[in-house]
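Just start.cif here, mmCIF, C-alpha atoms:
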```
data_query
loop_
_atom_site.label_atom_id
_atom_site.label_comp_id
_atom_site.auth_asym_id
_atom_site.auth_seq_id
_atom_site.Cartn_x
_atom_site.Cartn_y
_atom_site.Cartn_z
CA MET A 1 -38.82 -9.43 -3.67
CA ALA A 2 -40.40 -10.10 -7.07
CA ARG A 3 -43.87 -9.47 -5.64
CA VAL A 4 -43.14 -5.93 -4.46
CA PHE A 5 -41.12 -5.13 -7.55
CA VAL A 6 -43.91 -4.18 -9.97
CA PRO A 7 -45.75 -1.94 -7.47
CA LEU A 8 -42.41 -0.33 -6.61
CA VAL A 9 -41.68 0.47 -10.26
CA LEU A 10 -45.17 1.92 -10.72
CA ALA A 11 -45.02 3.97 -7.52
CA ALA A 12 -41.58 5.38 -8.27
CA MET A 13 -42.52 6.27 -11.85
CA LEU A 14 -45.81 7.92 -10.84
CA LEU A 15 -44.26 9.92 -8.03
CA PHE A 16 -41.38 10.99 -10.20
CA ALA A 17 -43.58 11.98 -13.12
CA ALA A 18 -45.88 14.00 -10.87
CA ALA A 19 -43.05 15.78 -9.04
CA PRO A 20 -42.57 18.60 -11.63
CA LEU A 21 -46.31 19.38 -11.50
CA VAL A 22 -46.28 19.53 -7.70
CA VAL A 23 -43.17 21.70 -7.73
CA ALA A 24 -44.72 24.02 -10.30
CA SER A 25 -47.88 24.44 -8.24
CA ALA A 26 -45.98 25.25 -5.04
CA PRO A 27 -45.90 28.97 -4.16
CA VAL A 28 -43.05 31.05 -5.64
CA GLU A 29 -40.53 32.16 -3.04
CA GLN A 30 -40.46 35.96 -2.69
CA THR A 31 -36.76 36.86 -2.54
CA MET A 32 -35.28 34.24 -4.84
CA GLY A 33 -38.18 33.64 -7.20
CA LEU A 34 -38.07 30.72 -9.58
CA VAL A 35 -34.55 29.55 -8.69
CA GLN A 36 -35.77 28.41 -5.29
CA LYS A 37 -37.54 25.50 -7.06
CA ILE A 38 -34.15 23.79 -7.44
CA PHE A 39 -34.41 23.19 -3.71
CA TYR A 40 -37.10 20.51 -4.26
CA TYR A 41 -34.64 18.38 -6.20
CA HIS A 42 -31.41 19.42 -4.53
CA VAL A 43 -32.27 18.65 -0.89
CA PRO A 44 -33.87 15.19 -1.44
CA SER A 45 -30.84 14.18 -3.55
CA ALA A 46 -28.47 15.36 -0.82
CA MET A 47 -30.44 13.44 1.83
CA LEU A 48 -30.29 10.25 -0.23
CA MET A 49 -26.62 10.74 -0.97
CA PHE A 50 -25.85 10.65 2.75
CA VAL A 51 -28.28 7.79 3.39
CA SER A 52 -26.67 5.84 0.57
CA ALA A 53 -23.17 6.47 1.94
CA PHE A 54 -24.25 4.91 5.22
CA VAL A 55 -25.99 2.01 3.44
CA CYS A 56 -22.76 1.38 1.53
CA GLY A 57 -20.53 1.67 4.62
CA ILE A 58 -22.67 -0.58 6.80
CA SER A 59 -23.11 -3.27 4.13
CA SER A 60 -19.35 -3.16 3.52
CA ALA A 61 -18.76 -3.79 7.23
CA VAL A 62 -21.19 -6.72 7.11
CA PHE A 63 -19.36 -8.03 4.03
CA LEU A 64 -15.94 -7.74 5.69
CA PHE A 65 -16.84 -9.32 9.00
CA ARG A 66 -19.54 -11.80 8.02
CA ARG A 67 -18.18 -12.61 4.54
CA SER A 68 -21.62 -12.15 3.03
CA ALA A 69 -21.44 -11.78 -0.75
CA ALA A 70 -24.99 -10.41 -0.83
CA ALA A 71 -23.98 -7.53 1.45
CA ASP A 72 -21.15 -6.71 -0.96
CA ARG A 73 -23.61 -6.48 -3.84
CA VAL A 74 -25.81 -4.11 -1.82
CA ALA A 75 -22.70 -2.04 -1.07
CA LEU A 76 -21.81 -1.80 -4.74
CA ALA A 77 -25.33 -0.71 -5.68
CA ALA A 78 -25.38 1.87 -2.86
CA GLY A 79 -21.89 3.12 -3.77
CA GLU A 80 -22.98 3.80 -7.34
CA LEU A 81 -26.07 5.62 -6.08
CA VAL A 82 -23.96 7.88 -3.84
CA VAL A 83 -22.12 8.99 -6.95
CA LEU A 84 -25.34 9.40 -8.95
CA PHE A 85 -27.23 11.41 -6.33
CA GLY A 86 -24.03 13.27 -5.48
CA ALA A 87 -23.74 14.31 -9.12
CA ILE A 88 -27.30 15.68 -8.99
CA VAL A 89 -26.45 17.60 -5.80
CA LEU A 90 -23.23 19.00 -7.22
CA VAL A 91 -24.90 20.14 -10.45
CA THR A 92 -28.06 21.67 -8.94
CA GLY A 93 -26.15 23.31 -6.06
CA PRO A 94 -23.96 25.63 -8.18
CA LEU A 95 -26.96 26.50 -10.40
CA TRP A 96 -28.71 27.82 -7.31
CA ALA A 97 -25.55 29.37 -5.85
CA ARG A 98 -24.92 31.39 -9.02
CA LYS A 99 -28.24 33.17 -8.47
CA ALA A 100 -28.25 33.34 -4.68
CA TRP A 101 -24.58 34.05 -3.90
CA GLY A 102 -23.35 35.30 -7.30
CA VAL A 103 -20.69 32.60 -7.60
CA TRP A 104 -20.80 29.02 -8.84
CA TRP A 105 -18.75 27.59 -6.04
CA GLU A 106 -17.88 28.65 -2.53
CA TRP A 107 -15.45 26.83 -0.20
CA ASP A 108 -18.14 26.47 2.38
CA ALA A 109 -18.37 23.66 4.95
CA ARG A 110 -21.31 21.82 3.51
CA LEU A 111 -20.20 22.15 -0.12
CA THR A 112 -16.69 20.95 0.63
CA SER A 113 -17.83 18.01 2.73
CA SER A 114 -20.34 16.90 0.08
CA LEU A 115 -17.66 17.14 -2.59
CA LEU A 116 -15.25 15.08 -0.50
CA LEU A 117 -17.84 12.44 0.28
CA TRP A 118 -18.60 12.23 -3.43
CA MET A 119 -14.88 11.85 -4.20
CA ILE A 120 -14.46 9.09 -1.61
CA PHE A 121 -17.19 7.09 -3.30
CA LEU A 122 -15.80 7.82 -6.77
CA ALA A 123 -12.53 6.34 -5.49
CA TYR A 124 -14.57 3.39 -4.17
CA LEU A 125 -15.92 2.76 -7.68
CA LEU A 126 -12.47 3.21 -9.22
CA VAL A 127 -11.02 0.50 -6.98
CA ARG A 128 -13.84 -1.86 -7.77
CA ARG A 129 -13.38 -1.26 -11.49
CA PHE A 130 -9.59 -1.26 -11.77
CA GLY A 131 -8.36 -3.04 -8.65
CA GLY A 132 -8.38 -6.48 -10.24
CA PRO A 133 -9.24 -9.68 -8.39
CA GLY A 134 -9.85 -9.33 -4.66
CA SER A 135 -10.57 -5.62 -4.89
CA GLU A 136 -14.01 -5.98 -3.23
CA LYS A 137 -12.38 -6.17 0.17
CA LEU A 138 -10.22 -3.15 -0.48
CA ALA A 139 -13.28 -1.26 -1.67
CA GLY A 140 -15.17 -2.43 1.40
CA ALA A 141 -12.51 -0.91 3.64
CA MET A 142 -12.66 2.28 1.61
CA ALA A 143 -16.43 2.54 2.12
CA LEU A 144 -16.11 1.81 5.85
CA PHE A 145 -13.35 4.41 6.29
CA GLY A 146 -15.28 6.86 4.13
CA MET A 147 -18.32 6.52 6.36
CA ALA A 148 -16.20 7.01 9.50
CA ASN A 149 -14.67 10.05 7.86
CA VAL A 150 -17.93 11.98 7.44
CA PRO A 151 -17.90 13.65 10.89
CA PHE A 152 -14.20 14.55 10.60
CA VAL A 153 -14.63 16.09 7.20
CA TYR A 154 -17.59 18.04 8.51
CA VAL A 155 -15.84 19.37 11.63
CA SER A 156 -12.61 20.19 9.84
CA VAL A 157 -14.17 22.10 6.97
CA ASN A 158 -16.63 23.83 9.30
CA TYR A 159 -13.75 26.10 10.31
CA TRP A 160 -14.62 28.27 7.36
CA ARG A 161 -17.64 30.55 7.58
CA THR A 162 -20.81 28.83 6.47
CA LEU A 163 -22.99 30.41 3.81
CA HIS A 164 -25.17 27.43 3.09
CA PRO A 165 -28.77 27.59 4.39
CA LYS A 166 -29.17 25.61 7.61
CA THR A 167 -31.10 22.34 7.65
CA SER A 168 -33.65 24.05 9.90
CA VAL A 169 -34.98 25.78 6.78
CA VAL A 170 -36.95 22.60 6.06
CA MET A 171 -38.98 23.01 9.26
CA THR A 172 -39.85 26.65 8.59
CA LEU A 173 -41.20 26.21 5.06
CA ALA A 174 -44.53 27.75 4.05
CA PRO A 175 -47.32 25.07 4.04
CA GLY A 176 -47.59 24.91 0.23
CA MET A 177 -43.86 24.52 -0.13
CA ARG A 178 -43.65 21.97 2.65
CA ALA A 179 -46.12 19.63 0.93
CA ALA A 180 -44.24 19.88 -2.36
CA PHE A 181 -40.93 19.32 -0.60
CA TRP A 182 -42.01 16.15 1.19
CA PHE A 183 -43.64 14.92 -2.01
CA CYS A 184 -40.28 15.23 -3.75
CA VAL A 185 -38.50 13.51 -0.85
CA ALA A 186 -40.93 10.59 -1.21
CA ALA A 187 -40.45 10.50 -4.99
CA PHE A 188 -36.66 10.48 -4.70
CA ALA A 189 -36.71 7.90 -1.92
CA ALA A 190 -38.94 5.59 -3.99
CA MET A 191 -36.61 6.06 -6.95
CA TYR A 192 -33.63 5.32 -4.73
CA VAL A 193 -35.12 2.08 -3.41
CA LEU A 194 -36.04 1.07 -6.95
CA LEU A 195 -32.56 1.71 -8.35
CA LEU A 196 -30.94 -0.03 -5.40
CA THR A 197 -33.02 -3.18 -5.80
CA LEU A 198 -32.58 -3.19 -9.59
CA ARG A 199 -28.82 -2.87 -9.34
CA LYS A 200 -28.65 -5.52 -6.63
CA ARG A 201 -30.72 -7.90 -8.79
CA LEU A 202 -28.40 -7.34 -11.72
CA GLU A 203 -25.39 -8.19 -9.54
CA ASP A 204 -27.21 -11.28 -8.20
CA ARG A 205 -27.83 -12.47 -11.75
CA GLN A 206 -24.21 -11.88 -12.70
CA ALA A 207 -23.04 -13.91 -9.70
CA GLU A 208 -25.42 -16.70 -10.74
CA VAL A 209 -24.06 -16.68 -14.29
CA GLU A 210 -20.52 -16.93 -12.96
CA GLN A 211 -21.53 -19.83 -10.75
CA LEU A 212 -23.02 -21.61 -13.77
CA TYR A 213 -19.87 -21.04 -15.82
CA LEU A 214 -17.76 -22.49 -13.04
CA ALA A 215 -20.12 -25.46 -12.74
CA THR A 216 -19.88 -26.27 -16.47
CA ASP A 217 -16.08 -25.93 -16.39
CA ASP A 218 -15.72 -28.68 -13.81
CA MET B 1 -0.03 -8.10 25.33
CA ARG B 2 3.73 -8.60 25.74
CA GLN B 3 3.68 -11.03 22.85
CA PHE B 4 1.81 -8.42 20.75
CA LEU B 5 4.39 -5.72 21.46
CA ARG B 6 7.25 -8.12 20.85
CA VAL B 7 5.91 -9.09 17.39
CA ALA B 8 5.35 -5.42 16.50
CA TRP B 9 8.87 -4.58 17.66
CA VAL B 10 10.43 -7.45 15.66
CA VAL B 11 8.55 -6.49 12.47
CA MET B 12 9.62 -2.86 12.84
CA ARG B 13 13.23 -3.82 13.53
CA LYS B 14 13.23 -6.06 10.46
CA ASP B 15 11.99 -3.20 8.27
CA LEU B 16 14.49 -0.74 9.69
CA THR B 17 17.39 -3.20 9.35
CA VAL B 18 16.57 -3.81 5.68
CA GLU B 19 16.34 -0.06 5.20
CA MET B 20 19.58 0.65 7.08
CA ARG B 21 21.45 -1.71 4.75
CA SER B 22 20.18 -0.30 1.46
CA ARG B 23 19.04 3.23 2.52
CA GLU B 24 17.05 3.23 -0.72
CA ILE B 25 13.74 4.55 0.61
CA VAL B 26 15.25 7.15 2.97
CA TYR B 27 17.47 8.73 0.33
CA THR B 28 14.89 8.74 -2.46
CA THR B 29 12.04 9.95 -0.25
CA VAL B 30 14.04 12.77 1.35
CA PHE B 31 15.22 13.91 -2.07
CA PHE B 32 11.67 13.71 -3.42
CA ALA B 33 10.32 15.76 -0.49
CA ALA B 34 12.99 18.42 -1.01
CA SER B 35 12.16 18.63 -4.73
CA CYS B 36 8.48 19.02 -3.82
CA VAL B 37 9.34 22.03 -1.66
CA LEU B 38 11.31 23.54 -4.54
CA VAL B 39 8.50 23.00 -7.05
CA PHE B 40 6.06 24.75 -4.71
CA ALA B 41 8.56 27.53 -4.13
CA PHE B 42 8.52 28.34 -7.84
CA ALA B 43 4.73 28.35 -7.85
CA LEU B 44 4.12 30.32 -4.66
CA VAL B 45 6.98 32.81 -4.32
CA ARG B 46 6.29 36.19 -5.97
CA GLU B 47 9.02 38.83 -6.24
CA GLY B 48 11.16 37.07 -3.66
CA ARG B 49 8.38 36.87 -1.03
CA PRO B 50 6.38 33.75 -0.29
CA LEU B 51 2.59 34.08 -0.14
CA GLU B 52 1.17 34.37 3.35
CA ASP B 53 0.52 30.97 4.99
CA ALA B 54 2.28 29.20 2.10
CA ALA B 55 4.88 27.57 4.36
CA ALA B 56 2.39 25.47 6.33
CA GLY B 57 0.67 24.24 3.17
CA ILE B 58 3.94 23.38 1.46
CA LEU B 59 5.19 21.49 4.52
CA TRP B 60 2.08 19.32 4.75
CA ILE B 61 1.71 18.66 1.04
CA SER B 62 5.35 17.56 0.90
CA VAL B 63 4.81 15.30 3.92
CA ALA B 64 1.75 13.73 2.25
CA PHE B 65 3.50 13.21 -1.10
CA ALA B 66 6.67 11.82 0.45
CA GLY B 67 4.60 9.61 2.76
CA THR B 68 2.72 8.12 -0.19
CA LEU B 69 6.03 7.36 -1.88
CA ALA B 70 7.48 5.74 1.25
CA LEU B 71 4.34 3.63 1.77
CA GLY B 72 4.38 2.43 -1.83
CA ARG B 73 8.07 1.55 -1.78
CA THR B 74 7.95 -0.23 1.59
CA PHE B 75 5.22 -2.57 0.46
CA GLU B 76 6.68 -2.97 -3.05
CA ARG B 77 9.73 -4.43 -1.32
CA GLU B 78 7.52 -6.92 0.55
CA ARG B 79 5.71 -7.84 -2.64
CA HIS B 80 8.83 -8.22 -4.72
CA THR B 81 10.35 -10.78 -2.36
CA GLU B 82 6.98 -12.40 -1.45
CA THR B 83 7.74 -11.68 2.20
CA LEU B 84 4.33 -10.27 3.08
CA ARG B 85 2.84 -13.72 2.64
CA ALA B 86 5.55 -15.14 4.90
CA LEU B 87 4.72 -12.50 7.50
CA MET B 88 1.02 -13.38 7.28
CA LEU B 89 1.82 -17.08 7.72
CA ALA B 90 3.73 -16.41 10.92
CA PRO B 91 1.86 -17.68 13.98
CA SER B 92 1.25 -14.27 15.49
CA ASP B 93 -1.48 -11.67 15.82
CA ARG B 94 -2.22 -9.99 12.50
CA PRO B 95 -2.79 -6.58 14.16
CA ALA B 96 0.70 -6.86 15.70
CA ILE B 97 2.15 -7.10 12.19
CA TYR B 98 0.15 -4.03 11.21
CA VAL B 99 1.51 -2.09 14.19
CA GLY B 100 5.06 -3.17 13.33
CA LYS B 101 4.73 -1.97 9.73
CA LEU B 102 3.12 1.27 10.93
CA LEU B 103 6.01 1.95 13.34
CA GLY B 104 8.51 1.38 10.52
CA ILE B 105 6.71 3.87 8.26
CA LEU B 106 6.48 6.39 11.11
CA ALA B 107 10.24 6.15 11.70
CA LEU B 108 10.89 6.77 8.00
CA MET B 109 8.53 9.74 7.86
CA ALA B 110 10.07 11.21 11.02
CA ILE B 111 13.44 11.28 9.26
CA VAL B 112 11.87 12.95 6.20
CA GLU B 113 10.17 15.54 8.41
CA ALA B 114 13.40 16.24 10.27
CA VAL B 115 14.83 17.39 6.94
CA LEU B 116 11.65 19.09 5.64
CA VAL B 117 10.91 21.35 8.61
CA PRO B 118 14.27 23.19 8.66
CA LEU B 119 14.18 23.41 4.86
CA VAL B 120 10.74 25.06 4.86
CA GLY B 121 11.80 27.32 7.73
CA LEU B 122 14.89 28.38 5.82
CA LEU B 123 13.33 28.93 2.39
CA PHE B 124 10.02 30.46 3.45
CA HIS B 125 11.09 32.43 6.54
CA ALA B 126 8.73 30.32 8.68
CA PRO B 127 9.31 30.65 12.44
CA VAL B 128 9.68 26.89 13.00
CA LEU B 129 11.35 27.45 16.36
CA ALA B 130 8.65 29.75 17.77
CA ARG B 131 6.65 26.88 19.35
CA PRO B 132 8.75 23.76 18.65
CA LEU B 133 6.75 21.47 20.94
CA TRP B 134 3.39 22.36 19.42
CA LEU B 135 4.81 21.96 15.92
CA ALA B 136 6.23 18.56 16.83
CA ALA B 137 2.90 17.52 18.36
CA LEU B 138 0.95 18.54 15.25
CA LEU B 139 3.41 16.76 12.97
CA ALA B 140 3.41 13.61 15.09
CA ALA B 141 -0.39 13.42 15.34
CA GLY B 142 -0.87 14.24 11.64
CA THR B 143 1.74 11.74 10.50
CA LEU B 144 0.19 9.03 12.65
CA GLY B 145 -3.25 9.71 11.15
CA PHE B 146 -1.90 9.70 7.61
CA ALA B 147 0.29 6.62 8.09
CA SER B 148 -2.32 4.56 9.96
CA VAL B 149 -4.74 4.70 7.03
CA GLY B 150 -1.87 4.54 4.51
CA THR B 151 -0.31 1.39 5.99
CA LEU B 152 -3.62 -0.46 5.89
CA PHE B 153 -4.39 0.56 2.31
CA ALA B 154 -0.86 -0.07 1.04
CA ALA B 155 -0.87 -3.52 2.66
CA MET B 156 -4.16 -4.39 0.96
CA LEU B 157 -3.05 -2.98 -2.39
CA VAL B 158 -0.04 -5.33 -2.50
CA ARG B 159 -2.20 -7.85 -4.31
CA ALA B 160 -4.15 -5.39 -6.47
CA ARG B 161 -3.53 -4.38 -10.05
CA SER B 162 -2.44 -0.76 -10.74
CA ARG B 163 -1.52 -0.38 -7.06
CA ASP B 164 0.76 2.61 -7.69
CA VAL B 165 -2.05 4.84 -8.84
CA LEU B 166 -4.70 3.43 -6.52
CA LEU B 167 -2.82 4.25 -3.30
CA PRO B 168 -3.08 8.05 -3.68
CA VAL B 169 -6.58 7.71 -5.18
CA LEU B 170 -7.76 5.99 -1.99
CA LEU B 171 -5.57 7.72 0.54
CA TYR B 172 -5.97 11.42 -0.28
CA PRO B 173 -9.77 11.75 -0.04
CA ILE B 174 -9.74 9.88 3.28
CA THR B 175 -6.88 11.88 4.79
CA ILE B 176 -8.12 15.33 3.75
CA PRO B 177 -9.17 16.11 7.36
CA VAL B 178 -5.56 15.39 8.43
CA ILE B 179 -4.21 17.77 5.82
CA ILE B 180 -6.74 20.50 6.71
CA ALA B 181 -6.06 20.18 10.45
CA GLY B 182 -2.29 20.01 9.92
CA VAL B 183 -2.15 23.02 7.60
CA ARG B 184 -4.49 25.18 9.72
CA GLY B 185 -2.76 24.26 12.97
CA THR B 186 0.72 24.86 11.57
CA ALA B 187 -0.36 28.12 9.94
CA ALA B 188 -1.62 29.29 13.36
CA LEU B 189 1.84 28.57 14.79
CA PHE B 190 3.66 30.31 11.92
CA GLN B 191 1.82 33.62 12.46
CA ALA B 192 3.77 36.62 13.73
CA THR B 193 2.21 35.96 17.14
CA PRO B 194 1.56 32.20 17.38
CA ASP B 195 -2.08 31.38 18.02
CA GLU B 196 -1.81 28.56 20.56
CA PRO B 197 -5.54 27.93 21.27
CA MET B 198 -6.10 27.45 17.54
CA ALA B 199 -3.18 25.03 17.28
CA ARG B 200 -4.53 23.16 20.32
CA PHE B 201 -7.96 22.81 18.68
CA TRP B 202 -6.50 21.31 15.51
CA ALA B 203 -4.10 19.06 17.45
CA ALA B 204 -7.09 17.73 19.43
CA LEU B 205 -8.98 17.04 16.20
CA LEU B 206 -5.93 15.20 14.82
CA LEU B 207 -5.66 13.14 17.99
CA PHE B 208 -9.32 12.20 17.75
CA PHE B 209 -8.85 11.23 14.10
CA ASP B 210 -5.83 9.08 15.10
CA VAL B 211 -7.79 7.23 17.77
CA VAL B 212 -10.71 6.45 15.44
CA PHE B 213 -8.62 5.43 12.44
CA VAL B 214 -5.99 3.38 14.31
CA THR B 215 -8.81 1.50 16.05
CA LEU B 216 -10.63 0.97 12.76
CA SER B 217 -7.42 -0.23 11.07
CA LEU B 218 -6.59 -2.69 13.86
CA TRP B 219 -10.14 -3.96 13.71
CA THR B 220 -10.25 -4.45 9.92
CA PHE B 221 -6.66 -5.61 9.29
CA GLU B 222 -7.42 -9.23 10.14
CA PRO B 223 -10.47 -9.75 7.82
CA LEU B 224 -8.88 -7.65 5.07
CA MET B 225 -5.61 -9.55 4.93
CA THR B 226 -7.22 -12.99 5.05
CA GLU B 227 -7.27 -14.56 1.62
CA SER B 228 -10.56 -16.31 1.04
#
```

Hey, can you dump this file as structure tokens for me?
Amino acid sequence: MARVFVPLVLAAMLLFAAAPLVVASAPVEQTMGLVQKIFYYHVPSAMLMFVSAFVCGISSAVFLFRRSAAADRVALAAGELVVLFGAIVLVTGPLWARKAWGVWWEWDARLTSSLLLWMIFLAYLLVRRFGGPGSEKLAGAMALFGMANVPFVYVSVNYWRTLHPKTSVVMTLAPGMRAAFWFCVAAFAAMYVLLLTLRKRLEDRQAEVEQLYLATDD
Amino acid sequence: MRQFLRVAWVVMRKDLTVEMRSREIVYTTVFFAASCVLVFAFALVREGRPLEDAAAGILWISVAFAGTLALGRTFERERHTETLRALMLAPSDRPAIYVGKLLGILALMAIVEAVLVPLVGLLFHAPVLARPLWLAALLAAGTLGFASVGTLFAAMLVRARSRDVLLPVLLYPITIPVIIAGVRGTAALFQATPDEPMARFWAALLLFFDVVFVTLSLWTFEPLMTES
């Protein structure tokens, strides 16, 4: 892990620093103009938010059934990242919507389901923080149920008319935009992996410190 | 299998017997649900007329609030007398205990709903008798979905700090699909001409939700309730 760590930090930093330049050099969209550039940050964050929710749910299941403490630490790191990337999605989304739809918020299927997913993982963090001893299991169940809930939330809120651009928009991008978009996806993904490993390492260290305290107490 | 059902039945009968003797949870929850309806009435009735579709929403929000209260109180009773630990020590299937508790909660919520539905019909001019079977099916499926997740979370929260506030914090985001499906399905039934295909769609979604979440609860109850 330590060997890939330094290259990972460098790669994530470089990609992230270069992303604004790439986005700026991408062609300007004709109908929406400059606001469309939000898309390069909004969509990768949304992708990683969903990926992270599944990482958190699956590691929680591993923790619950295999009793692996390491899996629980991965779940915690991923849970925090769902909230972080979700916050980016929920801030950049309305900024774009204000220009494109004329309102900040619309009770549309994709918006509502993203908001709910974000809330489920906020609740996950609340339990971990305030649940007291033994709350990791409870939080694990919350993450597992939250993951299972994603399709239900999506189907049930889909009843309302959808305004949000379809995911197929990614495949129909102009070549210049497509390159910039995938560059940003790579930058965000590298950043995600970096944050996840960092957070996991911090938790590992904390567990070690606790072990040492217990050992000296005996 | 027979052993499983017998344990579930015994746990449910125990809960209902305790409740029959004190009637604490039934009385307080029914009163709470009725006050919920009144609070919403003041918010949503303008010039003597309720807003369109308000009845379905009020019914389901009151069910959810009253259900949370019943769940909290049922497990508070177990915690107070340390009986949940005794139940867990019993040489029986853990999932059977879960099913027994779930059946007890469902019985309680059925009583609350039996009071709530006529009350909402009366106060908000909702045609509750237009399609009684469909309404009952929606309520049963929705209550099962809500209570299956709620029973698991309330059982786990027995040992947690600040359990009173954490139960709704965990339960409401997860059960939002139940509330959406329940409200939309019931609103379809409360229209001037009941929209049965719409109600059927939402009832099917609720049923699907029930299957997934009851299975998931049965599957996770054992590892979650084992103290390491």

Please identify all residues of chain B having at least one atom at most 8 Å from any atom of chain A, considering all atoms listed in the file, and return them as a count of residues only.
24

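Interatomic distance, atom CA of A:Trp101 against atom CA of A:Ala46: 19.3 Å.
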
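Excluding A:Lys200 and any residue on its chain fewer than 3 positions from it, the residues at most 12 Å away by all atoms listed in the file are Met1, Ala69, Ala70, Ala71, Asp72, Arg73, Val74, Ala75, Leu76, Ala77, Ala78, Gly79, Glu80, Leu81, Val193, Leu194, Leu195, Leu196, Thr197, Glu203, Asp204, Arg205, Gln206 and Ala207 of chain A.
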
Practice item. Compile the contact shell of stretch 99-115 of chain B as a ChimeraX atom specification: residues with an atom at most 9 Å away, counting only C-alpha atoms, same-chain residues fewer than 2 positions apart removed. Key: /B:5,7-16,25-26,29-31,33-34,59,63,66-67,70-71,74,94-97,117-120,139-140,143-144,147-148,150-152,218

- Message: When you count all atoms listed in the file, which of these residues is closest to B:Ala130: B:Thr226, B:Thr193, B:Ser62, B:Thr215?
- Response: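 The shortest atom-to-atom distance to B:Ala130 comes from B:Thr193.
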
**Asked** Quick one, how far is atom CA of A:Ala109 from atom CA of B:Arg184?
**Response**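 Spanning atom CA of A:Ala109 to atom CA of B:Arg184 is a straight-line distance of 14.8 Å.
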
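Interatomic distance, atom CA of B:Val183 against atom CA of B:Ala54: 9.4 Å.
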
So which residues get picked by the PyMOL selection byres ((chain A and resi 27) around 7) here, written as an mmCIF file with C-alpha atoms, in the coordinates of the input?
```cif
data_model
loop_
_atom_site.group_PDB
_atom_site.id
_atom_site.type_symbol
_atom_site.label_atom_id
_atom_site.label_comp_id
_atom_site.auth_asym_id
_atom_site.auth_seq_id
_atom_site.Cartn_x
_atom_site.Cartn_y
_atom_site.Cartn_z
ATOM 1 C CA SER A 25 -47.880 24.440 -8.240
ATOM 2 C CA ALA A 26 -45.980 25.250 -5.040
ATOM 3 C CA VAL A 28 -43.050 31.050 -5.640
ATOM 4 C CA GLU A 29 -40.530 32.160 -3.040
ATOM 5 C CA GLY A 176 -47.590 24.910 0.230
ATOM 6 C CA MET A 177 -43.860 24.520 -0.130
#
```

B:Val18 proximity check over B:Arg77, B:Phe40, B:Pro50, B:His125, using only C-alpha atoms: winner is B:Arg77

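Of the residues under consideration (B:Leu84, B:Leu89, B:Leu133, B:Leu123), B:Leu84 shows the shortest atom-to-atom contact distance to B:Ala155 when counting all atoms listed in the file.
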
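What the PyMOL selection byres ((chain A and resi 35) around 9) picks from this file is Glu29, Met32, Gly33, Leu34, Gln36, Lys37, Ile38, Phe39, Leu95, Trp96, Lys99 and Ala100 of chain A.
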
Please write as a PyMOL selection string the full residue list that the PyMOL selection byres ((chain B and resi 189) around 9) yields on this file.
chain B and resi 127-128+130-131+134-135+184-188+190-196+198-199

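Each of B:Glu47, B:Asp210, B:Glu24, B:Asp53 was compared to B:Leu138 using all atoms listed in the file, and B:Asp210 turns out to be the nearest.
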
Quick one: 3 Å padding each side, axis-aligned, all listed atoms of stretch 174-180 of chain A - centre and edge lengths in Å to one decimal, as lines of an AutoDock Vina configuration file?
```
center_x = -45.6
center_y = 23.7
center_z = 0.8
size_x = 9.9
size_y = 14.1
size_z = 12.4
```

**Prompt:** Which of these residues is nearest to B:Leu122, using all atoms listed in the file: B:Val178, B:Ala55, B:Ala64, B:Ala154?
**Reply:**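 The closest residue to B:Leu122 is B:Ala55.
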
If I only have part of stretch 43-51 of chain A, can you fill in N, CA and C atoms and write it as an mmCIF file, in the coordinates of the input?
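Just written: rebuild_6.cif:
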```
data_model
loop_
_atom_site.group_PDB
_atom_site.id
_atom_site.type_symbol
_atom_site.label_atom_id
_atom_site.label_comp_id
_atom_site.auth_asym_id
_atom_site.auth_seq_id
_atom_site.Cartn_x
_atom_site.Cartn_y
_atom_site.Cartn_z
ATOM 1 N N VAL A 43 -32.300 19.149 -2.276
ATOM 2 C CA VAL A 43 -32.270 18.650 -0.890
ATOM 3 C C VAL A 43 -32.583 17.156 -0.807
ATOM 4 N N PRO A 44 -33.658 16.647 -1.494
ATOM 5 C CA PRO A 44 -33.870 15.190 -1.440
ATOM 6 C C PRO A 44 -32.665 14.406 -1.957
ATOM 7 N N SER A 45 -32.012 14.893 -3.025
ATOM 8 C CA SER A 45 -30.840 14.180 -3.550
ATOM 9 C C SER A 45 -29.731 14.153 -2.509
ATOM 10 N N ALA A 46 -29.524 15.296 -1.834
ATOM 11 C CA ALA A 46 -28.470 15.360 -0.820
ATOM 12 C C ALA A 46 -28.779 14.409 0.332
ATOM 13 N N MET A 47 -30.056 14.364 0.742
ATOM 14 C CA MET A 47 -30.440 13.440 1.830
ATOM 15 C C MET A 47 -30.111 12.008 1.432
ATOM 16 N N LEU A 48 -30.490 11.631 0.200
ATOM 17 C CA LEU A 48 -30.290 10.250 -0.230
ATOM 18 C C LEU A 48 -28.826 9.939 -0.447
ATOM 19 N N MET A 49 -28.054 10.960 -0.811
ATOM 20 C CA MET A 49 -26.620 10.740 -0.970
ATOM 21 C C MET A 49 -26.012 10.306 0.363
ATOM 22 N N PHE A 50 -26.392 11.008 1.432
ATOM 23 C CA PHE A 50 -25.850 10.650 2.750
ATOM 24 C C PHE A 50 -26.401 9.307 3.227
ATOM 25 N N VAL A 51 -27.696 9.079 3.011
ATOM 26 C CA VAL A 51 -28.280 7.790 3.390
ATOM 27 C C VAL A 51 -27.543 6.672 2.675
#
```
